[in-house]
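Note: the block below is run.txt and it holds compact mmCIF, C-alpha atoms.
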# COMPACT_ATOMS: atom_id res chain seq x y z
CA MET A 1 56.40 126.90 78.53
CA LEU A 2 58.96 129.54 79.38
CA PHE A 3 59.28 128.15 82.87
CA LEU A 4 59.58 124.62 81.54
CA GLY A 5 62.26 125.76 79.14
CA LEU A 6 64.16 127.64 81.81
CA GLY A 7 63.74 124.84 84.33
CA CYS A 8 65.00 122.42 81.77
CA LEU A 9 68.04 124.53 81.05
CA LEU A 10 68.90 124.47 84.73
CA LEU A 11 68.46 120.71 84.81
CA HIS A 12 71.02 120.44 82.09
CA VAL A 13 73.67 118.67 84.10
CA PHE A 14 76.28 116.77 82.18
CA VAL A 15 76.46 113.03 82.45
CA VAL A 16 78.94 112.01 85.05
CA PHE A 17 81.28 109.26 85.20
CA GLY A 18 84.51 108.62 86.86
CA THR A 19 85.85 105.25 85.93
CA GLU A 20 88.82 103.88 87.82
CA LEU A 21 90.46 100.84 86.33
CA THR A 22 93.59 98.93 87.28
CA PHE A 23 94.75 96.61 84.54
CA GLU A 24 97.78 94.64 83.56
CA LEU A 25 99.71 95.60 80.45
CA PRO A 26 101.74 92.68 79.07
CA ASP A 27 105.16 93.36 77.59
CA ASN A 28 105.23 94.90 74.14
CA ASP A 29 101.50 95.46 74.33
CA LYS A 30 99.28 98.45 73.82
CA GLN A 31 95.96 98.98 75.54
CA CYS A 32 93.50 101.70 74.55
CA PHE A 33 90.41 103.05 76.22
CA TYR A 34 87.84 105.13 74.41
CA GLU A 35 85.24 107.54 75.69
CA GLU A 36 82.56 109.37 73.81
CA LEU A 37 82.37 112.95 74.99
CA GLU A 38 80.32 116.02 74.15
CA LYS A 39 81.79 119.41 73.30
CA ASP A 40 83.02 121.66 76.13
CA VAL A 41 83.28 118.88 78.64
CA LYS A 42 86.21 118.98 81.00
CA PHE A 43 87.84 115.61 81.48
CA GLU A 44 90.75 114.55 83.62
CA ILE A 45 93.01 111.55 83.25
CA ASP A 46 95.17 110.29 86.11
CA PHE A 47 97.40 107.31 85.69
CA GLN A 48 100.02 105.58 87.82
CA VAL A 49 102.17 102.54 87.26
CA ILE A 50 101.86 100.33 90.32
CA ALA A 51 104.02 97.36 89.46
CA GLY A 52 106.50 96.09 86.92
CA GLY A 53 110.04 96.78 85.77
CA ASN A 54 111.00 100.42 86.06
CA TYR A 55 107.44 101.41 86.92
CA ASP A 56 107.06 103.49 83.77
CA VAL A 57 104.76 103.45 80.76
CA ASP A 58 104.11 105.40 77.56
CA CYS A 59 100.81 107.23 77.36
CA PHE A 60 99.09 109.27 74.69
CA VAL A 61 95.67 110.88 74.34
CA THR A 62 94.03 111.72 71.01
CA ASP A 63 90.89 113.61 70.09
CA PRO A 64 88.28 112.46 67.53
CA LEU A 65 90.33 113.88 64.65
CA ASN A 66 93.39 111.92 65.79
CA ASN A 67 95.25 115.02 66.95
CA VAL A 68 97.55 114.16 69.81
CA LEU A 69 96.55 116.05 72.94
CA TYR A 70 99.05 114.46 75.28
CA ASN A 71 102.02 112.26 74.59
CA GLU A 72 104.54 111.23 77.22
CA LYS A 73 107.10 108.45 77.20
CA LYS A 74 108.20 106.43 80.21
CA LYS A 75 106.20 108.23 82.84
CA GLN A 76 105.62 106.78 86.29
CA TYR A 77 102.54 108.81 87.08
CA ASP A 78 100.89 111.86 85.65
CA SER A 79 97.70 113.85 85.46
CA PHE A 80 96.21 115.40 82.34
CA SER A 81 93.21 117.68 82.05
CA HIS A 82 91.50 119.04 78.95
CA THR A 83 88.27 120.70 77.86
CA THR A 84 86.91 119.12 74.71
CA ALA A 85 86.73 121.32 71.65
CA MET A 86 84.50 118.94 69.72
CA ALA A 87 82.17 116.04 70.33
CA GLY A 88 83.38 112.57 69.53
CA VAL A 89 85.42 109.65 70.69
CA TYR A 90 88.52 110.44 72.71
CA LYS A 91 91.16 107.80 73.08
CA VAL A 92 93.72 107.22 75.81
CA CYS A 93 96.37 104.58 75.13
CA PHE A 94 99.08 102.97 77.19
CA SER A 95 102.01 101.28 75.60
CA ASN A 96 104.61 98.95 77.08
CA GLY A 97 106.50 98.63 73.80
CA PHE A 98 109.91 99.40 75.22
CA SER A 99 109.75 96.50 77.65
CA THR A 100 110.81 93.07 76.55
CA PHE A 101 109.70 90.91 79.41
CA THR A 102 108.17 92.91 82.23
CA HIS A 103 104.48 93.48 82.32
CA LYS A 104 103.16 96.53 84.05
CA THR A 105 100.15 97.11 86.25
CA VAL A 106 98.64 100.50 85.45
CA TYR A 107 95.97 102.42 87.32
CA LEU A 108 93.78 104.74 85.26
CA ASP A 109 91.23 107.25 86.48
CA PHE A 110 89.12 108.91 83.80
CA ARG A 111 86.76 111.56 85.10
CA HIS A 112 84.53 113.74 83.02
CA GLY A 113 81.64 116.06 83.52
CA ASP A 114 80.21 117.44 86.71
CA GLU A 115 78.74 115.54 89.56
CA GLU A 116 75.31 114.12 89.06
CA PRO A 117 72.76 115.03 91.73
CA LEU A 118 71.94 112.31 94.23
CA ILE A 119 68.42 111.84 92.97
CA GLN A 120 66.86 113.42 89.92
CA THR A 121 64.67 115.76 91.96
CA MET A 122 67.68 117.53 93.47
CA THR A 123 67.98 119.94 90.62
CA GLY A 124 69.82 122.78 92.29
CA SER A 125 67.29 125.16 90.79
CA THR A 126 66.16 126.21 94.24
CA ALA A 127 68.58 127.85 96.64
CA LEU A 128 70.06 125.51 99.23
CA THR A 129 69.39 125.98 102.91
CA GLN A 130 72.34 126.45 105.20
CA LEU A 131 72.19 122.83 106.30
CA GLU A 132 72.12 121.65 102.73
CA SER A 133 75.06 123.80 101.73
CA SER A 134 77.04 122.53 104.73
CA CYS A 135 76.25 119.02 103.55
CA VAL A 136 77.47 119.87 100.09
CA SER A 137 80.77 121.32 101.36
CA ILE A 138 81.35 118.33 103.64
CA HIS A 139 80.65 116.05 100.70
CA GLU A 140 83.22 117.85 98.57
CA ILE A 141 85.84 117.63 101.32
CA LEU A 142 85.16 113.93 101.85
CA LYS A 143 85.63 113.39 98.13
CA VAL A 144 89.06 115.00 98.42
CA VAL A 145 89.84 112.74 101.39
CA ALA A 146 88.79 109.65 99.45
CA ASP A 147 90.89 110.74 96.47
CA SER A 148 93.93 111.28 98.63
CA GLN A 149 93.39 107.86 100.21
CA THR A 150 93.39 106.36 96.73
CA TRP A 151 96.62 108.19 95.97
CA TYR A 152 98.30 106.86 99.10
CA ARG A 153 96.98 103.37 98.52
CA LEU A 154 98.55 103.36 95.08
CA ARG A 155 101.90 104.73 96.27
CA GLU A 156 101.90 102.16 99.06
CA ALA A 157 101.11 99.35 96.63
CA HIS A 158 103.95 100.55 94.45
CA ASP A 159 106.43 100.68 97.35
CA ARG A 160 105.27 97.36 98.73
CA THR A 161 105.70 95.69 95.35
CA LYS A 162 109.22 97.08 95.19
CA ALA A 163 110.00 95.84 98.71
CA GLU A 164 108.66 92.36 98.00
CA HIS A 165 110.63 92.25 94.79
CA LEU A 166 113.75 93.29 96.71
CA LEU A 167 113.20 90.54 99.28
CA GLU A 168 112.89 87.96 96.52
CA ARG A 169 116.02 89.17 94.82
CA VAL A 170 118.00 89.22 98.07
CA THR A 171 116.93 85.63 98.84
CA PHE A 172 117.77 84.26 95.41
CA TRP A 173 121.02 86.14 95.15
CA SER A 174 122.14 84.93 98.60
CA ILE A 175 121.42 81.31 97.78
CA GLY A 176 123.00 81.68 94.36
CA GLU A 177 126.10 83.33 95.73
CA THR A 178 126.59 80.67 98.40
CA VAL A 179 126.40 77.94 95.77
CA LEU A 180 128.78 79.91 93.56
CA LEU A 181 131.23 80.33 96.44
CA PHE A 182 131.37 76.61 97.10
CA VAL A 183 131.67 75.77 93.43
CA ILE A 184 134.49 78.26 92.85
CA GLY A 185 136.30 77.36 96.08
CA ILE A 186 136.35 73.68 95.38
CA GLY A 187 136.75 74.17 91.63
CA GLN A 188 139.91 76.28 92.06
CA VAL A 189 141.53 73.65 94.20
CA MET A 190 140.61 70.88 91.79
CA LEU A 191 141.95 72.84 88.84
CA LEU A 192 145.19 73.62 90.60
CA ARG A 193 145.65 70.01 91.53
CA SER A 194 145.05 68.96 87.95
CA PHE A 195 147.81 71.37 86.73
CA PHE A 196 150.37 69.77 89.01
CA SER A 197 149.27 66.24 88.28
CA GLU A 198 149.79 66.68 84.51
CA LYS A 199 153.05 68.57 84.59
CA LYS A 200 154.53 66.42 87.33
CA GLY A 201 157.07 65.04 84.97
CA SER A 202 158.21 68.44 83.60
CA VAL A 203 158.34 70.11 87.06
CA ALA A 204 160.39 67.31 88.46
CA ALA A 205 162.72 67.56 85.50
CA ALA A 206 163.12 71.35 85.98
CA THR A 207 164.10 71.05 89.69
CA MET B 1 61.68 127.93 73.29
CA VAL B 2 59.59 124.85 72.56
CA TYR B 3 62.54 123.44 70.65
CA VAL B 4 64.88 124.14 73.57
CA ALA B 5 62.44 122.51 75.98
CA LEU B 6 62.10 119.45 73.78
CA LEU B 7 65.86 119.22 73.35
CA CYS B 8 66.25 119.39 77.09
CA LEU B 9 63.67 116.72 77.66
CA ARG B 10 65.38 114.45 75.18
CA ARG B 11 68.66 115.08 76.98
CA ARG B 12 67.03 114.21 80.31
CA ILE B 13 65.72 110.94 78.91
CA LEU B 14 69.11 110.12 77.47
CA ASN B 15 70.63 110.87 80.87
CA VAL B 16 68.42 108.22 82.39
CA PHE B 17 69.52 105.64 79.83
CA TYR B 18 73.10 106.74 80.12
CA ASP B 19 72.69 106.14 83.79
CA VAL B 20 74.19 102.73 83.53
CA VAL B 21 76.65 102.18 80.75
CA SER B 22 77.80 105.13 78.79
CA SER B 23 81.30 104.79 80.00
CA LEU B 24 84.81 103.93 79.03
CA TYR B 25 85.02 101.21 76.42
CA PHE B 26 87.78 99.01 75.05
CA HIS B 27 88.16 96.33 72.44
CA ILE B 28 88.51 92.68 73.24
CA GLY B 29 89.44 89.85 70.92
CA GLU B 30 87.59 86.59 70.40
CA THR B 31 89.44 84.47 72.91
CA GLU B 32 91.07 87.28 74.79
CA LYS B 33 90.63 87.60 78.52
CA LYS B 34 90.77 91.06 80.01
CA CYS B 35 91.40 91.37 83.70
CA PHE B 36 91.06 94.31 86.02
CA ILE B 37 92.36 94.60 89.52
CA GLU B 38 90.44 96.25 92.34
CA GLU B 39 92.23 96.77 95.61
CA ILE B 40 89.52 97.13 98.20
CA PRO B 41 88.99 96.86 101.96
CA ASP B 42 86.71 94.14 103.28
CA GLU B 43 82.90 94.34 103.40
CA THR B 44 82.93 96.60 100.35
CA MET B 45 80.38 96.16 97.61
CA ILE B 46 81.35 96.37 93.96
CA ILE B 47 78.88 96.73 91.14
CA GLY B 48 80.08 96.23 87.58
CA ASN B 49 78.02 97.10 84.52
CA TYR B 50 79.00 96.19 81.02
CA ARG B 51 77.50 96.45 77.57
CA THR B 52 78.88 94.88 74.42
CA GLN B 53 78.77 95.94 70.80
CA LEU B 54 79.80 93.98 67.75
CA TYR B 55 81.12 95.44 64.52
CA ASP B 56 78.58 95.04 61.72
CA LYS B 57 80.42 94.86 58.41
CA GLN B 58 77.38 95.71 56.34
CA ARG B 59 76.56 98.90 58.16
CA GLU B 60 80.20 99.50 59.02
CA GLU B 61 79.49 100.47 62.56
CA TYR B 62 79.25 98.99 66.00
CA LEU B 63 75.81 97.66 66.87
CA PRO B 64 74.56 96.03 70.07
CA ALA B 65 75.71 92.44 70.09
CA THR B 66 73.39 89.62 69.12
CA GLN B 67 71.73 87.48 71.72
CA GLY B 68 73.69 84.39 72.43
CA LEU B 69 76.93 86.30 72.61
CA GLY B 70 77.61 86.53 76.29
CA MET B 71 80.44 87.48 78.53
CA PHE B 72 81.89 85.24 81.13
CA VAL B 73 82.70 87.11 84.32
CA GLU B 74 85.08 85.65 86.88
CA VAL B 75 86.04 87.34 90.13
CA LYS B 76 88.91 86.12 92.30
CA ASP B 77 89.65 87.24 95.82
CA PRO B 78 93.16 88.07 97.14
CA ASP B 79 93.74 84.39 98.04
CA ASP B 80 93.03 83.41 94.42
CA LYS B 81 89.74 81.83 95.34
CA VAL B 82 86.94 82.29 92.84
CA ILE B 83 84.06 84.19 94.42
CA LEU B 84 82.00 84.84 91.32
CA SER B 85 81.99 82.86 88.11
CA ARG B 86 79.00 83.39 85.93
CA GLN B 87 78.00 83.92 82.39
CA TYR B 88 75.93 86.93 81.52
CA GLY B 89 74.29 88.05 78.30
CA SER B 90 75.54 90.69 75.94
CA GLU B 91 74.63 93.24 78.56
CA GLY B 92 75.03 92.52 82.22
CA ARG B 93 75.51 93.65 85.73
CA PHE B 94 77.49 91.78 88.34
CA THR B 95 77.74 92.47 92.05
CA PHE B 96 79.90 91.08 94.79
CA THR B 97 80.98 92.01 98.29
CA SER B 98 84.52 91.50 99.44
CA HIS B 99 85.12 89.44 102.58
CA THR B 100 88.88 89.77 102.70
CA PRO B 101 90.73 93.01 102.09
CA GLY B 102 93.11 93.05 99.18
CA GLU B 103 93.47 92.78 95.44
CA HIS B 104 90.46 91.31 93.76
CA GLN B 105 90.69 90.36 90.13
CA ILE B 106 87.75 90.81 87.77
CA CYS B 107 88.18 88.95 84.48
CA LEU B 108 85.99 89.13 81.40
CA HIS B 109 86.04 87.04 78.30
CA SER B 110 83.49 86.33 75.65
CA ASN B 111 81.83 82.94 75.44
CA SER B 112 81.89 82.91 71.67
CA SER B 113 82.97 79.61 70.20
CA LYS B 114 82.25 80.44 66.59
CA PHE B 115 85.29 82.25 65.32
CA SER B 116 83.45 83.79 62.44
CA LEU B 117 81.16 85.68 64.74
CA PHE B 118 83.61 88.45 65.33
CA ALA B 119 84.24 88.72 61.58
CA GLY B 120 87.87 89.51 62.15
CA GLY B 121 86.94 92.54 64.16
CA MET B 122 86.81 93.12 67.83
CA LEU B 123 84.11 93.19 70.40
CA ARG B 124 83.57 96.56 71.97
CA VAL B 125 82.93 96.36 75.70
CA HIS B 126 81.64 99.32 77.72
CA LEU B 127 82.60 98.81 81.33
CA ASP B 128 81.76 100.68 84.48
CA ILE B 129 82.87 99.53 87.92
CA GLN B 130 81.48 101.26 91.00
CA VAL B 131 83.15 100.66 94.34
CA GLY B 132 81.85 101.06 97.86
CA GLU B 133 79.85 104.20 98.45
CA HIS B 134 79.56 104.93 94.71
CA ALA B 135 77.72 101.63 94.29
CA ASN B 136 74.80 102.85 96.38
CA ASN B 137 71.60 103.68 94.62
CA TYR B 138 70.38 106.67 96.56
CA ALA B 139 67.05 106.92 94.79
CA GLU B 140 66.27 103.43 96.03
CA ILE B 141 67.46 104.19 99.55
CA ALA B 142 65.38 107.37 99.67
CA ALA B 143 62.28 105.50 98.53
CA LYS B 144 62.80 102.57 100.89
CA ASP B 145 63.54 104.52 104.06
CA LYS B 146 61.38 107.49 103.07
CA LEU B 147 64.08 110.08 103.54
CA THR B 148 63.81 113.76 102.83
CA GLU B 149 66.42 115.44 100.68
CA LEU B 150 68.41 116.60 103.67
CA GLN B 151 68.30 113.18 105.29
CA LEU B 152 69.47 111.64 102.05
CA ARG B 153 72.43 114.01 101.86
CA VAL B 154 73.38 113.18 105.42
CA ARG B 155 73.05 109.49 104.62
CA GLN B 156 75.44 109.95 101.73
CA LEU B 157 77.93 111.64 104.05
CA VAL B 158 77.62 108.77 106.52
CA GLU B 159 78.30 106.23 103.77
CA GLN B 160 81.30 108.21 102.56
CA VAL B 161 82.81 108.42 106.03
CA ASP B 162 82.17 104.71 106.51
CA GLN B 163 84.07 103.94 103.34
CA ILE B 164 86.94 106.21 104.40
CA GLN B 165 87.16 104.41 107.72
CA LYS B 166 87.25 101.00 106.04
CA GLU B 167 89.99 102.21 103.75
CA GLN B 168 91.99 103.43 106.76
CA ASN B 169 91.74 100.05 108.46
CA TYR B 170 92.88 98.42 105.28
CA GLN B 171 95.76 100.90 105.13
CA ARG B 172 96.86 99.85 108.61
CA TYR B 173 96.80 96.19 107.63
CA ARG B 174 98.82 96.86 104.47
CA GLU B 175 101.37 98.96 106.30
CA GLU B 176 101.93 96.07 108.69
CA ARG B 177 102.53 93.72 105.78
CA PHE B 178 104.92 96.20 104.23
CA ARG B 179 106.80 96.59 107.49
CA GLN B 180 107.07 92.80 107.85
CA THR B 181 108.47 92.49 104.35
CA SER B 182 111.04 95.23 105.00
CA GLU B 183 112.10 93.73 108.33
CA SER B 184 112.38 90.33 106.71
CA THR B 185 114.61 91.77 104.00
CA ASN B 186 116.74 93.54 106.59
CA GLN B 187 117.20 90.37 108.61
CA ARG B 188 117.98 88.28 105.59
CA VAL B 189 120.57 90.74 104.32
CA LEU B 190 122.21 90.83 107.74
CA TRP B 191 122.33 87.07 108.29
CA TRP B 192 123.39 86.21 104.78
CA SER B 193 126.24 88.74 104.92
CA ILE B 194 127.56 87.20 108.12
CA VAL B 195 127.14 83.64 106.86
CA GLN B 196 128.78 84.42 103.54
CA THR B 197 131.76 86.09 105.21
CA LEU B 198 132.19 83.02 107.40
CA ILE B 199 131.91 80.75 104.38
CA LEU B 200 134.50 82.83 102.53
CA VAL B 201 136.96 82.65 105.41
CA ALA B 202 136.32 78.94 105.92
CA ILE B 203 136.83 78.16 102.24
CA GLY B 204 139.98 80.26 102.15
CA ILE B 205 141.47 78.41 105.10
CA TRP B 206 140.43 75.03 103.70
CA GLN B 207 141.98 75.86 100.31
CA MET B 208 145.32 76.84 101.78
CA ARG B 209 145.48 73.82 104.09
CA HIS B 210 144.48 71.43 101.36
CA LEU B 211 146.95 72.85 98.87
CA LYS B 212 149.74 72.87 101.46
CA SER B 213 149.19 69.21 102.26
CA PHE B 214 148.92 68.50 98.50
CA PHE B 215 152.24 70.18 97.70
CA GLU B 216 153.91 68.54 100.66
CA ALA B 217 152.71 65.20 99.36
CA LYS B 218 154.09 66.09 95.95
CA LYS B 219 157.39 67.05 97.58
CA LEU B 220 157.27 70.53 96.02
CA VAL B 221 157.29 72.41 99.35

As structure tokens, the full file:
Amino acid sequence: MLFLGLGCLLLHVFVVFGTELTFELPDNDKQCFYEELEKDVKFEIDFQVIAGGNYDVDCFVTDPLNNVLYNEKKKQYDSFSHTTAMAGVYKVCFSNGFSTFTHKTVYLDFRHGDEEPLIQTMTGSTALTQLESSCVSIHEILKVVADSQTWYRLREAHDRTKAEHLLERVTFWSIGETVLLFVIGIGQVMLLRSFFSEKKGSVAAAT
Amino acid sequence: MVYVALLCLRRRILNVFYDVVSSLYFHIGETEKKCFIEEIPDETMIIGNYRTQLYDKQREEYLPATQGLGMFVEVKDPDDKVILSRQYGSEGRFTFTSHTPGEHQICLHSNSSKFSLFAGGMLRVHLDIQVGEHANNYAEIAAKDKLTELQLRVRQLVEQVDQIQKEQNYQRYREERFRQTSESTNQRVLWWSIVQTLILVAIGIWQMRHLKSFFEAKKLV
């Protein structure tokens, strides 16, 4: 019984989940995500704005008692980490209220708890062999590599969106300006001609 | 000690149930469509799990949704072609594998046609999307290929490295697209500047000549 109890205590790994979501936030809209967490669980929130307007968004995080844990306005990307003081539903909200017509694409990564073992029998209650501990350290390093790849992918998506937007604007502005040039050029001449046609009588009289 | 053991056991059982959908949730309206974007390399598997809950006014809490209330899941590939379009029940699991690298769009909306069903409230949707290596069920793989613990760990490392390599290839392809866009912009800016300067000069000359001949005709010059 003692062994069962002790063994069980060691098996007490927290539930894991990292959820990554990329969603679109329409203008003047607010989108909230909720997560039910236990006490003393460390969670981390990473968000980045990938597309839209000035690439910024408002974000706030509240605990189950509606206390604000994190509140930032117009941030492009940020990371927030917290250890829960109580069990309950934690809320993270994004708001695009300051934007009148641009909708934003926001990436959110919500991680909490520790990593779950690969299969339920890998309890970690027995000491790992050298091979196994090498595997564990390689696994951790590869996780860092994958995370940094995600980071670069997001920055690249952000920069690429900006570049494509710039190309569009350059094209439209060039076409628009050419049309404007012709219109103004010909319009000026027409207008000038119309001045002299009307006042022909008075000019002739003056000279 | 018995109590601790029992508590632990209960926790373990809950862990198994939690295995699938105790995750981030959000609220969705009756006719609202919520879309999520996943930017993934090709030949990557995505598994999505969702669970819905409806607000029960009598008990004033969220209870698992009734049968008959399903979610319609639609997945579009980067070329806007629909690769998955199916209706699932109040709880479901959808899987697809990407064949082109890029932004895939996963959209969810409820199939409810009776507006009173939501009772003015919202539908709570728990969603969990696993991409690539995270979508693998290692318990299954261990059982199927009869792997020892060490072999399973090494298999996980192999899958991780595989995913990293796919992501790197995708990165190369995206960088090329980015470079093409930038070079295109550069060329366009250059050509349009030259053309516009020429147009300006041409219009200026035409204006002066036209006005000169106009004034000469009017006998003002």

Env of Ser184 (chain B): 9 Å cut, atoms = all atoms listed in the file, seq-sep filter 5 positions within chain, self excluded. Answer as a ChimeraX atom specification. /A:167 /B:179,189

Rounded to one decimal place, report the CA of Gln53 (chain B)-CA of Val73 (chain B) distance in Å.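 Spanning CA of Gln53 (chain B) to CA of Val73 (chain B) is a straight-line distance of 16.6 Å.
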
Which residue of B:Thr181, B:Ser90, B:Thr31, B:Thr97 approaches Gly70 (chain B) most closely, using only C-alpha atoms: B:Ser90

With a cut-off of 7 Å and counting all atoms listed in the file, select all residues of chain B in contact with chain A and give the selection as a PDB file with C-alpha atoms, keeping the file's coordinate frame.
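Output file iface_19.pdb is given in full below:
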ATOM      1  CA  MET B   1      61.680 127.930  73.290  1.00  0.00           C
ATOM      2  CA  VAL B   4      64.880 124.140  73.570  1.00  0.00           C
ATOM      3  CA  ALA B   5      62.440 122.510  75.980  1.00  0.00           C
ATOM      4  CA  CYS B   8      66.250 119.390  77.090  1.00  0.00           C
ATOM      5  CA  ASN B  15      70.630 110.870  80.870  1.00  0.00           C
ATOM      6  CA  SER B  23      81.300 104.790  80.000  1.00  0.00           C
ATOM      7  CA  LEU B  24      84.810 103.930  79.030  1.00  0.00           C
ATOM      8  CA  TYR B  25      85.020 101.210  76.420  1.00  0.00           C
ATOM      9  CA  PHE B  26      87.780  99.010  75.050  1.00  0.00           C
ATOM     10  CA  CYS B  35      91.400  91.370  83.700  1.00  0.00           C
ATOM     11  CA  PHE B  36      91.060  94.310  86.020  1.00  0.00           C
ATOM     12  CA  ILE B  37      92.360  94.600  89.520  1.00  0.00           C
ATOM     13  CA  GLU B  38      90.440  96.250  92.340  1.00  0.00           C
ATOM     14  CA  ASP B 128      81.760 100.680  84.480  1.00  0.00           C
ATOM     15  CA  ILE B 129      82.870  99.530  87.920  1.00  0.00           C
ATOM     16  CA  TYR B 138      70.380 106.670  96.560  1.00  0.00           C
ATOM     17  CA  ALA B 139      67.050 106.920  94.790  1.00  0.00           C
ATOM     18  CA  LEU B 150      68.410 116.600 103.670  1.00  0.00           C
ATOM     19  CA  ARG B 153      72.430 114.010 101.860  1.00  0.00           C
ATOM     20  CA  VAL B 154      73.380 113.180 105.420  1.00  0.00           C
ATOM     21  CA  LEU B 157      77.930 111.640 104.050  1.00  0.00           C
ATOM     22  CA  GLN B 160      81.300 108.210 102.560  1.00  0.00           C
ATOM     23  CA  ILE B 164      86.940 106.210 104.400  1.00  0.00           C
ATOM     24  CA  PHE B 178     104.920  96.200 104.230  1.00  0.00           C
ATOM     25  CA  THR B 181     108.470  92.490 104.350  1.00  0.00           C
ATOM     26  CA  SER B 182     111.040  95.230 105.000  1.00  0.00           C
ATOM     27  CA  THR B 185     114.610  91.770 104.000  1.00  0.00           C
ATOM     28  CA  VAL B 189     120.570  90.740 104.320  1.00  0.00           C
ATOM     29  CA  TRP B 192     123.390  86.210 104.780  1.00  0.00           C
ATOM     30  CA  GLN B 196     128.780  84.420 103.540  1.00  0.00           C
ATOM     31  CA  ILE B 203     136.830  78.160 102.240  1.00  0.00           C
ATOM     32  CA  GLN B 207     141.980  75.860 100.310  1.00  0.00           C
TER      33      GLN B 207
END

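With CA of Asp42 (chain B) on one side and CA of Val144 (chain A) on the other, the separation reads 21.5 Å.
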
What is the distance between CA of Lys166 (chain B) and CA of Ala135 (chain B), in Å to one decimal?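 The value is 15.1 Å.
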
Which of these, A:Asp63, A:Asp27, A:Asp56, A:Glu72, has the shortest distance to Phe43 (chain A) once you count all atoms listed in the file?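 Ranking A:Asp63, A:Asp27, A:Asp56, A:Glu72 by distance to Phe43 (chain A), first place goes to A:Asp63.
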
I'd like the neighbourhood of Asn54 (chain A) as a PyMOL selection string, where a residue qualifies if any of its atoms comes within 9 Å (using only C-alpha atoms), though same-chain residues fewer than 2 positions away should be ignored. chain A and resi 51-52+56-57+74+76+102+104

Residues within 12 Å of His99 (chain B), all atoms listed in the file, excluding chain neighbours under 4 positions, as JSON, numbers by chain: {"B": [40, 41, 42, 43, 44, 45, 46, 76, 77, 78, 79, 81, 83, 103, 104]}

So, with all atoms listed in the file as the atoms that count, which of B:Arg51, B:Lys212, B:Arg124, B:His109 lies closest to Glu91 (chain B)?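 That would be B:Arg51, the residue with the smallest distance to Glu91 (chain B).
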
Would you mind putting N, CA and C atoms back on region 40-53 of chain A and writing the result as an mmCIF file, in the coordinates of the input?
data_model
loop_
_atom_site.group_PDB
_atom_site.id
_atom_site.type_symbol
_atom_site.label_atom_id
_atom_site.label_comp_id
_atom_site.auth_asym_id
_atom_site.auth_seq_id
_atom_site.Cartn_x
_atom_site.Cartn_y
_atom_site.Cartn_z
ATOM 1 N N ASP A 40 82.903 120.823 74.920
ATOM 2 C CA ASP A 40 83.020 121.660 76.130
ATOM 3 C C ASP A 40 82.838 120.886 77.422
ATOM 4 N N VAL A 41 83.290 119.668 77.415
ATOM 5 C CA VAL A 41 83.280 118.880 78.640
ATOM 6 C C VAL A 41 84.701 118.806 79.152
ATOM 7 N N LYS A 42 84.868 119.039 80.447
ATOM 8 C CA LYS A 42 86.210 118.980 81.000
ATOM 9 C C LYS A 42 86.459 117.556 81.473
ATOM 10 N N PHE A 43 87.526 116.950 80.982
ATOM 11 C CA PHE A 43 87.840 115.610 81.480
ATOM 12 C C PHE A 43 89.246 115.602 82.047
ATOM 13 N N GLU A 44 89.465 114.659 82.966
ATOM 14 C CA GLU A 44 90.750 114.550 83.620
ATOM 15 C C GLU A 44 91.214 113.112 83.596
ATOM 16 N N ILE A 45 92.460 112.905 83.271
ATOM 17 C CA ILE A 45 93.010 111.550 83.250
ATOM 18 C C ILE A 45 94.156 111.482 84.252
ATOM 19 N N ASP A 46 94.081 110.506 85.154
ATOM 20 C CA ASP A 46 95.170 110.290 86.110
ATOM 21 C C ASP A 46 95.662 108.886 85.895
ATOM 22 N N PHE A 47 96.942 108.695 85.759
ATOM 23 C CA PHE A 47 97.400 107.310 85.690
ATOM 24 C C PHE A 47 98.637 107.134 86.541
ATOM 25 N N GLN A 48 98.842 105.899 87.010
ATOM 26 C CA GLN A 48 100.020 105.580 87.820
ATOM 27 C C GLN A 48 100.436 104.155 87.504
ATOM 28 N N VAL A 49 101.715 103.908 87.450
ATOM 29 C CA VAL A 49 102.170 102.540 87.260
ATOM 30 C C VAL A 49 102.424 101.955 88.645
ATOM 31 N N ILE A 50 101.728 100.870 88.971
ATOM 32 C CA ILE A 50 101.860 100.330 90.320
ATOM 33 C C ILE A 50 102.894 99.232 90.419
ATOM 34 N N ALA A 51 103.073 98.474 89.356
ATOM 35 C CA ALA A 51 104.020 97.360 89.460
ATOM 36 C C ALA A 51 104.670 97.095 88.114
ATOM 37 N N GLY A 52 105.856 96.535 88.163
ATOM 38 C CA GLY A 52 106.500 96.090 86.920
ATOM 39 C C GLY A 52 107.714 96.885 86.525
ATOM 40 N N GLY A 53 108.833 96.188 86.355
ATOM 41 C CA GLY A 53 110.040 96.780 85.770
ATOM 42 C C GLY A 53 110.460 98.075 86.423
#
